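These notes concern the structure reproduced below.
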Amino acid sequence: MTDKPRDSRETGERSSSSATAERSAQCIALGADHAGFALKETIRKHLEQAGYVIEDLGTWSEESVDYPDFGRAVGERVVARQSDVGIAVCGTGIGISIAANKVPGVRAAVAHDVMTARLAREHNDANVLALGGRVVTEAQAIEIVDTFLGTRFAGGRHQRRVNKIADIERDERASATRAKNAG
Ligand code: RB5
């Protein structure tokens, strides 16, 4: 992945909509492997039309690439707060979500329908949505994306559980540091 990310803030490809007027523009990091490329393009166009700022991290063709590179890139942008949220697409959504979830602070969720997209936000405060380009249709993907972006985290008891996920990351980091120092 040597290409520079394509940011619609630079290309001026953003267009306005009534939805834009109701919220400040969110920046979305978008990434896919070859199996997710076509769906990524559809999602990018849809979101640009809706007024989102898109950071397109590739891939940019159907030539075979490795999904971990793109899951990682999306996750890193979100954790660094260069993007508010990420969307990652591979053939099933599974591989790219596993890769994204290796970036500390990422909560990537594969959603195959509107219900799982809604619950990924309400219950899990997911910050990366993963989709399967070989699993969902374009129309289903658009519905899933719109639901994900339009749903807020419910907090409350769910916050406690999400905090426990962060605790796992913290404890694993501490134990890795201890093992390194002991060696
Ligand atoms: C690529 O053929 C495929 O394995 C990949 O897109 C993804 O589905 C992996 O989880």
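Residues are named by chain letter and number: chains run A, B, ... in the order of the structure tokens, numbers start at 1 in each chain, and ligands are numbered from 1 in the order shown.
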If you take only C-alpha atoms and all ligand atoms and a cut-off of 8 Å, which residues of chain A touch ligand 1, and what are their nearest atom pairs and distances in Å to one decimal, in chain and number order, as a Markdown table?
| residue | atom | partner | partner_atom_place_in_ligand_line | distance |
| --- | --- | --- | --- | --- |
| A:Asp33 | CA | ligand 1 | 6 (O) | 6.0 |
| A:His34 | CA | ligand 1 | 6 (O) | 6.7 |
| A:Ala35 | CA | ligand 1 | 6 (O) | 4.7 |
| A:Gly36 | CA | ligand 1 | 6 (O) | 6.5 |
| A:Ser64 | CA | ligand 1 | 1 (C) | 7.8 |
| A:Asp66 | CA | ligand 1 | 1 (C) | 7.6 |
| A:Tyr67 | CA | ligand 1 | 5 (C) | 6.2 |
| A:Val89 | CA | ligand 1 | 6 (O) | 7.7 |
| A:Cys90 | CA | ligand 1 | 6 (O) | 3.9 |
| A:Gly91 | CA | ligand 1 | 8 (O) | 3.3 |
| A:Thr92 | CA | ligand 1 | 8 (O) | 4.1 |
| A:Gly93 | CA | ligand 1 | 10 (O) | 5.9 |
| A:Ile94 | CA | ligand 1 | 10 (O) | 4.6 |
| A:Gly95 | CA | ligand 1 | 10 (O) | 3.2 |
| A:Ile96 | CA | ligand 1 | 10 (O) | 6.0 |
| A:Gly132 | CA | ligand 1 | 8 (O) | 6.9 |
| A:Gly133 | CA | ligand 1 | 6 (O) | 7.9 |
| A:Arg134 | CA | ligand 1 | 8 (O) | 7.7 |
Take the selection from the previous step and output its residues with C-alpha atoms, as a tab-separated table (two decimals), in the first residue's frame.
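The resulting result21.tsv:
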chain	number	residue	atom	x	y	z
A	33	ASP	CA	-9.18	-5.47	-0.13
A	34	HIS	CA	-9.83	-6.60	-3.71
A	35	ALA	CA	-12.94	-8.54	-2.65
A	36	GLY	CA	-14.37	-5.44	-1.04
A	64	SER	CA	-5.30	-9.16	-5.28
A	66	ASP	CA	-3.94	-8.59	1.63
A	67	TYR	CA	-6.87	-7.54	3.81
A	89	VAL	CA	-14.67	-4.20	3.50
A	90	CYS	CA	-13.29	-7.59	2.48
A	91	GLY	CA	-15.00	-10.68	1.06
A	92	THR	CA	-16.79	-11.60	4.27
A	93	GLY	CA	-15.92	-8.70	6.57
A	94	ILE	CA	-14.33	-11.21	8.91
A	95	GLY	CA	-10.63	-11.05	8.03
A	96	ILE	CA	-10.51	-7.28	7.83
A	132	GLY	CA	-18.56	-8.50	3.40
A	133	GLY	CA	-18.50	-7.52	-0.24
A	134	ARG	CA	-19.36	-11.11	-1.15
> as a PyMOL selection string, which residues of segment 21-129 of chain A does DSSP assign to strand (DSSP E)?
Replying inline: chain A and resi 27-32+53-56+85-90+108-110+128-129
Mind writing the picked residues with C-alpha atoms as a PDB file, in the first residue's frame?
ATOM      1  CA  CYS A  27     -14.660  12.036   8.636  1.00  0.00           C
ATOM      2  CA  ILE A  28     -14.796   8.378   7.700  1.00  0.00           C
ATOM      3  CA  ALA A  29     -11.770   6.178   6.982  1.00  0.00           C
ATOM      4  CA  LEU A  30     -12.612   3.697   4.257  1.00  0.00           C
ATOM      5  CA  GLY A  31     -10.564   0.648   3.333  1.00  0.00           C
ATOM      6  CA  ALA A  32     -11.018  -2.602   1.456  1.00  0.00           C
ATOM      7  CA  VAL A  53     -15.544  13.592   4.427  1.00  0.00           C
ATOM      8  CA  ILE A  54     -13.987  10.370   3.189  1.00  0.00           C
ATOM      9  CA  GLU A  55     -10.423   9.250   3.653  1.00  0.00           C
ATOM     10  CA  ASP A  56     -10.028   6.471   1.103  1.00  0.00           C
ATOM     11  CA  VAL A  85     -15.151   6.177  12.389  1.00  0.00           C
ATOM     12  CA  GLY A  86     -13.958   3.493   9.969  1.00  0.00           C
ATOM     13  CA  ILE A  87     -15.557   1.252   7.395  1.00  0.00           C
ATOM     14  CA  ALA A  88     -13.611  -1.781   6.213  1.00  0.00           C
ATOM     15  CA  VAL A  89     -14.666  -4.201   3.500  1.00  0.00           C
ATOM     16  CA  CYS A  90     -13.290  -7.591   2.478  1.00  0.00           C
ATOM     17  CA  ALA A 108     -14.566  -3.409  14.783  1.00  0.00           C
ATOM     18  CA  ALA A 109     -17.864  -5.204  14.208  1.00  0.00           C
ATOM     19  CA  VAL A 110     -18.964  -7.223  11.209  1.00  0.00           C
ATOM     20  CA  VAL A 128     -15.199   0.394  12.792  1.00  0.00           C
ATOM     21  CA  LEU A 129     -17.891  -1.246  10.687  1.00  0.00           C
TER      22      LEU A 129
END
Set the distance at 10 Å and use only C-alpha atoms: which residues neighbour segment 156-163 of chain A once local chain neighbours fewer than 2 positions away are removed? I'd like the list as a compact mmCIF listing (two decimals) with N, CA and C atoms, in the first residue's frame.
# COMPACT_ATOMS: atom_id res chain seq x y z
N ARG A 107 -12.73 -1.11 18.02
CA ARG A 107 -13.82 -2.06 18.23
C ARG A 107 -14.51 -2.21 16.88
N GLU A 122 -25.10 0.62 19.45
CA GLU A 122 -25.81 0.82 20.72
C GLU A 122 -25.12 0.10 21.88
N HIS A 123 -24.73 -1.15 21.65
CA HIS A 123 -24.20 -1.97 22.75
C HIS A 123 -22.67 -1.99 22.81
N ASN A 124 -22.04 -2.00 21.65
CA ASN A 124 -20.58 -2.22 21.63
C ASN A 124 -19.78 -0.96 21.35
N ASP A 125 -20.46 0.13 21.06
CA ASP A 125 -19.77 1.39 20.69
C ASP A 125 -18.70 1.12 19.63
N ALA A 126 -19.07 0.29 18.65
CA ALA A 126 -18.12 -0.05 17.59
C ALA A 126 -17.66 1.21 16.88
N PHE A 153 -24.20 5.27 20.72
CA PHE A 153 -23.91 4.32 21.80
C PHE A 153 -24.89 4.57 22.94
N ALA A 154 -25.44 3.48 23.51
CA ALA A 154 -26.46 3.63 24.55
C ALA A 154 -25.86 3.91 25.92
N ILE A 165 -13.41 -4.22 27.90
CA ILE A 165 -12.62 -4.55 26.70
C ILE A 165 -11.31 -3.75 26.73
N ALA A 166 -11.42 -2.49 27.10
CA ALA A 166 -10.21 -1.66 27.22
C ALA A 166 -9.29 -2.21 28.30
N ASP A 167 -9.88 -2.75 29.38
CA ASP A 167 -9.07 -3.35 30.45
C ASP A 167 -8.25 -4.52 29.92
N ILE A 168 -8.85 -5.31 29.03
CA ILE A 168 -8.11 -6.46 28.46
C ILE A 168 -6.88 -5.95 27.72
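Ranking A:Val78, A:Gln26, A:Pro104, A:Leu57 by their shortest atom-to-atom distance to Gly150 of chain A, with only C-alpha atoms included, puts A:Gln26 first.
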Running DSSP on the backbone, which parts of chain A land in alpha helix (DSSP H), as a short mmCIF file (atom, residue, chain, number, x, y, z; two decimals) with N, CA and C atoms, in the first residue's frame?
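Dumped to out03.cif:
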data_model
loop_
_atom_site.label_atom_id
_atom_site.label_comp_id
_atom_site.auth_asym_id
_atom_site.auth_seq_id
_atom_site.Cartn_x
_atom_site.Cartn_y
_atom_site.Cartn_z
N SER A 8 -11.29 13.24 0.41
CA SER A 8 -12.18 14.09 -0.36
C SER A 8 -12.11 15.54 0.10
N ARG A 9 -11.42 15.78 1.25
CA ARG A 9 -11.21 17.18 1.65
C ARG A 9 -10.24 17.83 0.67
N GLU A 10 -9.30 17.00 0.12
CA GLU A 10 -8.31 17.54 -0.80
C GLU A 10 -8.87 17.65 -2.21
N THR A 11 -9.68 16.69 -2.59
CA THR A 11 -10.15 16.66 -3.97
C THR A 11 -11.39 17.53 -4.16
N SER A 18 -29.24 17.80 2.97
CA SER A 18 -29.91 18.33 4.15
C SER A 18 -29.36 17.67 5.41
N ALA A 19 -28.93 16.40 5.26
CA ALA A 19 -28.36 15.71 6.42
C ALA A 19 -27.12 16.44 6.92
N THR A 20 -26.34 17.01 6.02
CA THR A 20 -25.11 17.70 6.39
C THR A 20 -25.42 18.89 7.28
N ALA A 21 -26.49 19.58 6.96
CA ALA A 21 -26.83 20.78 7.70
C ALA A 21 -27.15 20.46 9.16
N GLU A 22 -27.60 19.24 9.43
CA GLU A 22 -28.02 18.87 10.77
C GLU A 22 -26.86 18.40 11.64
N PHE A 37 -13.44 -4.15 -2.85
CA PHE A 37 -13.20 -2.92 -3.61
C PHE A 37 -14.49 -2.33 -4.22
N ALA A 38 -15.25 -3.17 -4.91
CA ALA A 38 -16.44 -2.65 -5.61
C ALA A 38 -17.44 -2.06 -4.60
N LEU A 39 -17.61 -2.77 -3.49
CA LEU A 39 -18.56 -2.26 -2.49
C LEU A 39 -18.03 -0.98 -1.83
N LYS A 40 -16.73 -0.93 -1.62
CA LYS A 40 -16.14 0.30 -1.06
C LYS A 40 -16.44 1.50 -1.96
N GLU A 41 -16.32 1.29 -3.25
CA GLU A 41 -16.58 2.40 -4.19
C GLU A 41 -18.02 2.87 -4.07
N THR A 42 -18.94 1.91 -3.98
CA THR A 42 -20.37 2.25 -3.82
C THR A 42 -20.59 3.04 -2.54
N ILE A 43 -19.99 2.56 -1.46
CA ILE A 43 -20.16 3.21 -0.16
C ILE A 43 -19.54 4.62 -0.19
N ARG A 44 -18.37 4.72 -0.79
CA ARG A 44 -17.70 6.03 -0.86
C ARG A 44 -18.58 7.06 -1.57
N LYS A 45 -19.12 6.66 -2.72
CA LYS A 45 -19.96 7.60 -3.48
C LYS A 45 -21.20 7.98 -2.68
N HIS A 46 -21.79 7.00 -2.03
CA HIS A 46 -23.00 7.26 -1.22
C HIS A 46 -22.69 8.24 -0.09
N LEU A 47 -21.57 8.02 0.59
CA LEU A 47 -21.25 8.88 1.73
C LEU A 47 -20.82 10.28 1.30
N GLU A 48 -20.13 10.37 0.19
CA GLU A 48 -19.75 11.70 -0.31
C GLU A 48 -21.00 12.49 -0.68
N GLN A 49 -21.95 11.81 -1.29
CA GLN A 49 -23.22 12.46 -1.63
C GLN A 49 -23.92 12.98 -0.38
N TYR A 67 -5.92 -8.31 2.99
CA TYR A 67 -6.87 -7.54 3.81
C TYR A 67 -6.28 -6.99 5.12
N PRO A 68 -5.27 -7.67 5.76
CA PRO A 68 -4.79 -7.08 7.03
C PRO A 68 -4.20 -5.68 6.85
N ASP A 69 -3.60 -5.41 5.69
CA ASP A 69 -3.02 -4.08 5.47
C ASP A 69 -4.09 -2.98 5.55
N PHE A 70 -5.26 -3.29 5.06
CA PHE A 70 -6.32 -2.28 4.98
C PHE A 70 -7.11 -2.20 6.28
N GLY A 71 -7.29 -3.35 6.93
CA GLY A 71 -7.94 -3.33 8.25
C GLY A 71 -7.11 -2.54 9.24
N ARG A 72 -5.83 -2.77 9.18
CA ARG A 72 -4.90 -2.05 10.07
C ARG A 72 -4.91 -0.55 9.78
N ALA A 73 -4.85 -0.20 8.50
CA ALA A 73 -4.83 1.23 8.13
C ALA A 73 -6.09 1.94 8.61
N VAL A 74 -7.22 1.32 8.42
CA VAL A 74 -8.49 1.93 8.87
C VAL A 74 -8.47 2.08 10.39
N GLY A 75 -8.08 1.00 11.08
CA GLY A 75 -8.06 1.04 12.55
C GLY A 75 -7.13 2.12 13.08
N GLU A 76 -5.96 2.22 12.48
CA GLU A 76 -4.98 3.21 12.96
C GLU A 76 -5.49 4.64 12.78
N ARG A 77 -6.17 4.89 11.69
CA ARG A 77 -6.72 6.25 11.46
C ARG A 77 -7.75 6.60 12.53
N VAL A 78 -8.56 5.62 12.88
CA VAL A 78 -9.63 5.88 13.85
C VAL A 78 -9.04 6.11 15.23
N VAL A 79 -8.11 5.25 15.62
CA VAL A 79 -7.51 5.37 16.96
C VAL A 79 -6.71 6.67 17.08
N ILE A 94 -14.91 -10.56 7.72
CA ILE A 94 -14.33 -11.21 8.91
C ILE A 94 -12.83 -10.93 9.01
N GLY A 95 -12.08 -11.23 7.96
CA GLY A 95 -10.63 -11.05 8.03
C GLY A 95 -10.24 -9.62 8.33
N ILE A 96 -10.88 -8.69 7.67
CA ILE A 96 -10.51 -7.28 7.83
C ILE A 96 -10.90 -6.76 9.21
N SER A 97 -11.96 -7.34 9.80
CA SER A 97 -12.35 -6.94 11.16
C SER A 97 -11.36 -7.51 12.18
N ILE A 98 -10.91 -8.74 11.94
CA ILE A 98 -9.92 -9.34 12.86
C ILE A 98 -8.66 -8.47 12.84
N ALA A 99 -8.23 -8.08 11.65
CA ALA A 99 -7.02 -7.26 11.54
C ALA A 99 -7.22 -5.91 12.23
N ALA A 100 -8.32 -5.26 11.96
CA ALA A 100 -8.58 -3.94 12.56
C ALA A 100 -8.61 -4.04 14.09
N ASN A 101 -9.17 -5.13 14.58
CA ASN A 101 -9.29 -5.29 16.03
C ASN A 101 -7.96 -5.52 16.74
N VAL A 114 -29.22 -4.79 9.24
CA VAL A 114 -29.48 -3.54 9.95
C VAL A 114 -29.46 -3.75 11.47
N MET A 115 -29.97 -4.89 11.92
CA MET A 115 -30.02 -5.12 13.37
C MET A 115 -28.62 -5.20 13.97
N THR A 116 -27.73 -5.95 13.33
CA THR A 116 -26.38 -6.08 13.89
C THR A 116 -25.63 -4.75 13.77
N ALA A 117 -25.93 -3.98 12.74
CA ALA A 117 -25.30 -2.66 12.61
C ALA A 117 -25.75 -1.75 13.76
N ARG A 118 -27.03 -1.78 14.06
CA ARG A 118 -27.57 -0.93 15.14
C ARG A 118 -26.99 -1.34 16.49
N LEU A 119 -26.99 -2.65 16.74
CA LEU A 119 -26.51 -3.13 18.05
C LEU A 119 -25.00 -2.95 18.21
N ALA A 120 -24.28 -3.00 17.10
CA ALA A 120 -22.83 -2.77 17.18
C ALA A 120 -22.54 -1.38 17.72
N ARG A 121 -23.39 -0.43 17.38
CA ARG A 121 -23.22 0.93 17.91
C ARG A 121 -23.85 1.05 19.31
N GLU A 122 -25.10 0.62 19.45
CA GLU A 122 -25.81 0.82 20.72
C GLU A 122 -25.12 0.10 21.88
N GLU A 138 -25.41 -4.34 -2.61
CA GLU A 138 -25.11 -2.90 -2.48
C GLU A 138 -26.20 -2.21 -1.66
N ALA A 139 -27.44 -2.57 -1.93
CA ALA A 139 -28.56 -1.92 -1.23
C ALA A 139 -28.52 -2.26 0.26
N GLN A 140 -28.24 -3.51 0.58
CA GLN A 140 -28.14 -3.89 2.00
C GLN A 140 -26.98 -3.14 2.67
N ALA A 141 -25.87 -3.04 1.97
CA ALA A 141 -24.70 -2.37 2.54
C ALA A 141 -25.01 -0.90 2.85
N ILE A 142 -25.70 -0.24 1.96
CA ILE A 142 -26.04 1.17 2.19
C ILE A 142 -26.93 1.32 3.42
N GLU A 143 -27.89 0.43 3.55
CA GLU A 143 -28.78 0.46 4.73
C GLU A 143 -27.98 0.23 6.00
N ILE A 144 -27.07 -0.73 5.94
CA ILE A 144 -26.23 -1.07 7.10
C ILE A 144 -25.36 0.13 7.48
N VAL A 145 -24.73 0.72 6.50
CA VAL A 145 -23.85 1.88 6.74
C VAL A 145 -24.65 3.04 7.34
N ASP A 146 -25.79 3.34 6.76
CA ASP A 146 -26.60 4.46 7.25
C ASP A 146 -27.07 4.20 8.69
N THR A 147 -27.42 2.96 8.97
CA THR A 147 -27.87 2.61 10.33
C THR A 147 -26.71 2.76 11.30
N PHE A 148 -25.56 2.24 10.93
CA PHE A 148 -24.37 2.31 11.80
C PHE A 148 -24.04 3.77 12.11
N LEU A 149 -24.01 4.60 11.08
CA LEU A 149 -23.61 6.00 11.27
C LEU A 149 -24.68 6.81 12.00
N ARG A 157 -25.06 0.33 31.23
CA ARG A 157 -24.40 -0.95 31.50
C ARG A 157 -23.46 -1.34 30.36
N HIS A 158 -23.75 -0.84 29.16
CA HIS A 158 -22.88 -1.15 28.02
C HIS A 158 -21.52 -0.48 28.15
N GLN A 159 -21.51 0.69 28.79
CA GLN A 159 -20.23 1.38 29.01
C GLN A 159 -19.32 0.53 29.89
N ARG A 160 -19.91 -0.06 30.93
CA ARG A 160 -19.10 -0.91 31.82
C ARG A 160 -18.44 -2.04 31.02
N ARG A 161 -19.19 -2.63 30.12
CA ARG A 161 -18.68 -3.76 29.35
C ARG A 161 -17.61 -3.32 28.34
N VAL A 162 -17.86 -2.18 27.74
CA VAL A 162 -16.86 -1.66 26.80
C VAL A 162 -15.57 -1.30 27.56
N ASN A 163 -15.74 -0.78 28.78
CA ASN A 163 -14.55 -0.49 29.60
C ASN A 163 -13.75 -1.76 29.87
N LYS A 164 -14.46 -2.87 30.04
CA LYS A 164 -13.76 -4.14 30.30
C LYS A 164 -12.96 -4.60 29.09
N ILE A 165 -13.41 -4.22 27.90
CA ILE A 165 -12.62 -4.55 26.70
C ILE A 165 -11.31 -3.75 26.73
N ALA A 166 -11.42 -2.49 27.10
CA ALA A 166 -10.21 -1.66 27.22
C ALA A 166 -9.29 -2.21 28.30
N ASP A 167 -9.88 -2.75 29.38
CA ASP A 167 -9.07 -3.35 30.45
C ASP A 167 -8.25 -4.52 29.92
N ILE A 168 -8.85 -5.31 29.03
CA ILE A 168 -8.11 -6.46 28.46
C ILE A 168 -6.88 -5.95 27.72
N GLU A 169 -7.08 -4.91 26.92
CA GLU A 169 -5.95 -4.36 26.16
C GLU A 169 -4.85 -3.86 27.10
N ARG A 170 -5.28 -3.14 28.13
CA ARG A 170 -4.31 -2.59 29.09
C ARG A 170 -3.55 -3.71 29.79
N ASP A 171 -4.27 -4.75 30.25
CA ASP A 171 -3.63 -5.86 30.98
C ASP A 171 -2.69 -6.64 30.07
N GLU A 172 -3.10 -6.84 28.83
CA GLU A 172 -2.24 -7.58 27.89
C GLU A 172 -0.95 -6.81 27.60
N ARG A 173 -1.11 -5.49 27.46
CA ARG A 173 0.08 -4.64 27.22
C ARG A 173 1.03 -4.71 28.40
N ALA A 174 0.44 -4.62 29.61
CA ALA A 174 1.27 -4.65 30.83
C ALA A 174 1.99 -5.99 30.95
N SER A 175 1.29 -7.08 30.64
CA SER A 175 1.94 -8.38 30.79
C SER A 175 3.01 -8.59 29.71
N ALA A 176 2.80 -8.03 28.53
CA ALA A 176 3.83 -8.11 27.48
C ALA A 176 5.07 -7.32 27.91
N THR A 177 4.86 -6.16 28.52
CA THR A 177 5.98 -5.34 28.97
C THR A 177 6.75 -6.07 30.08
N ARG A 178 5.99 -6.68 31.00
CA ARG A 178 6.64 -7.43 32.09
C ARG A 178 7.50 -8.55 31.53
N ALA A 179 6.94 -9.30 30.55
CA ALA A 179 7.66 -10.44 29.96
C ALA A 179 8.93 -9.94 29.27
N LYS A 180 8.83 -8.80 28.59
CA LYS A 180 9.98 -8.24 27.87
C LYS A 180 11.07 -7.84 28.86
N ASN A 181 10.65 -7.16 29.93
CA ASN A 181 11.63 -6.68 30.92
C ASN A 181 12.29 -7.84 31.66
N ALA A 182 11.52 -8.92 31.86
CA ALA A 182 12.06 -10.10 32.57
C ALA A 182 13.08 -10.82 31.70
#
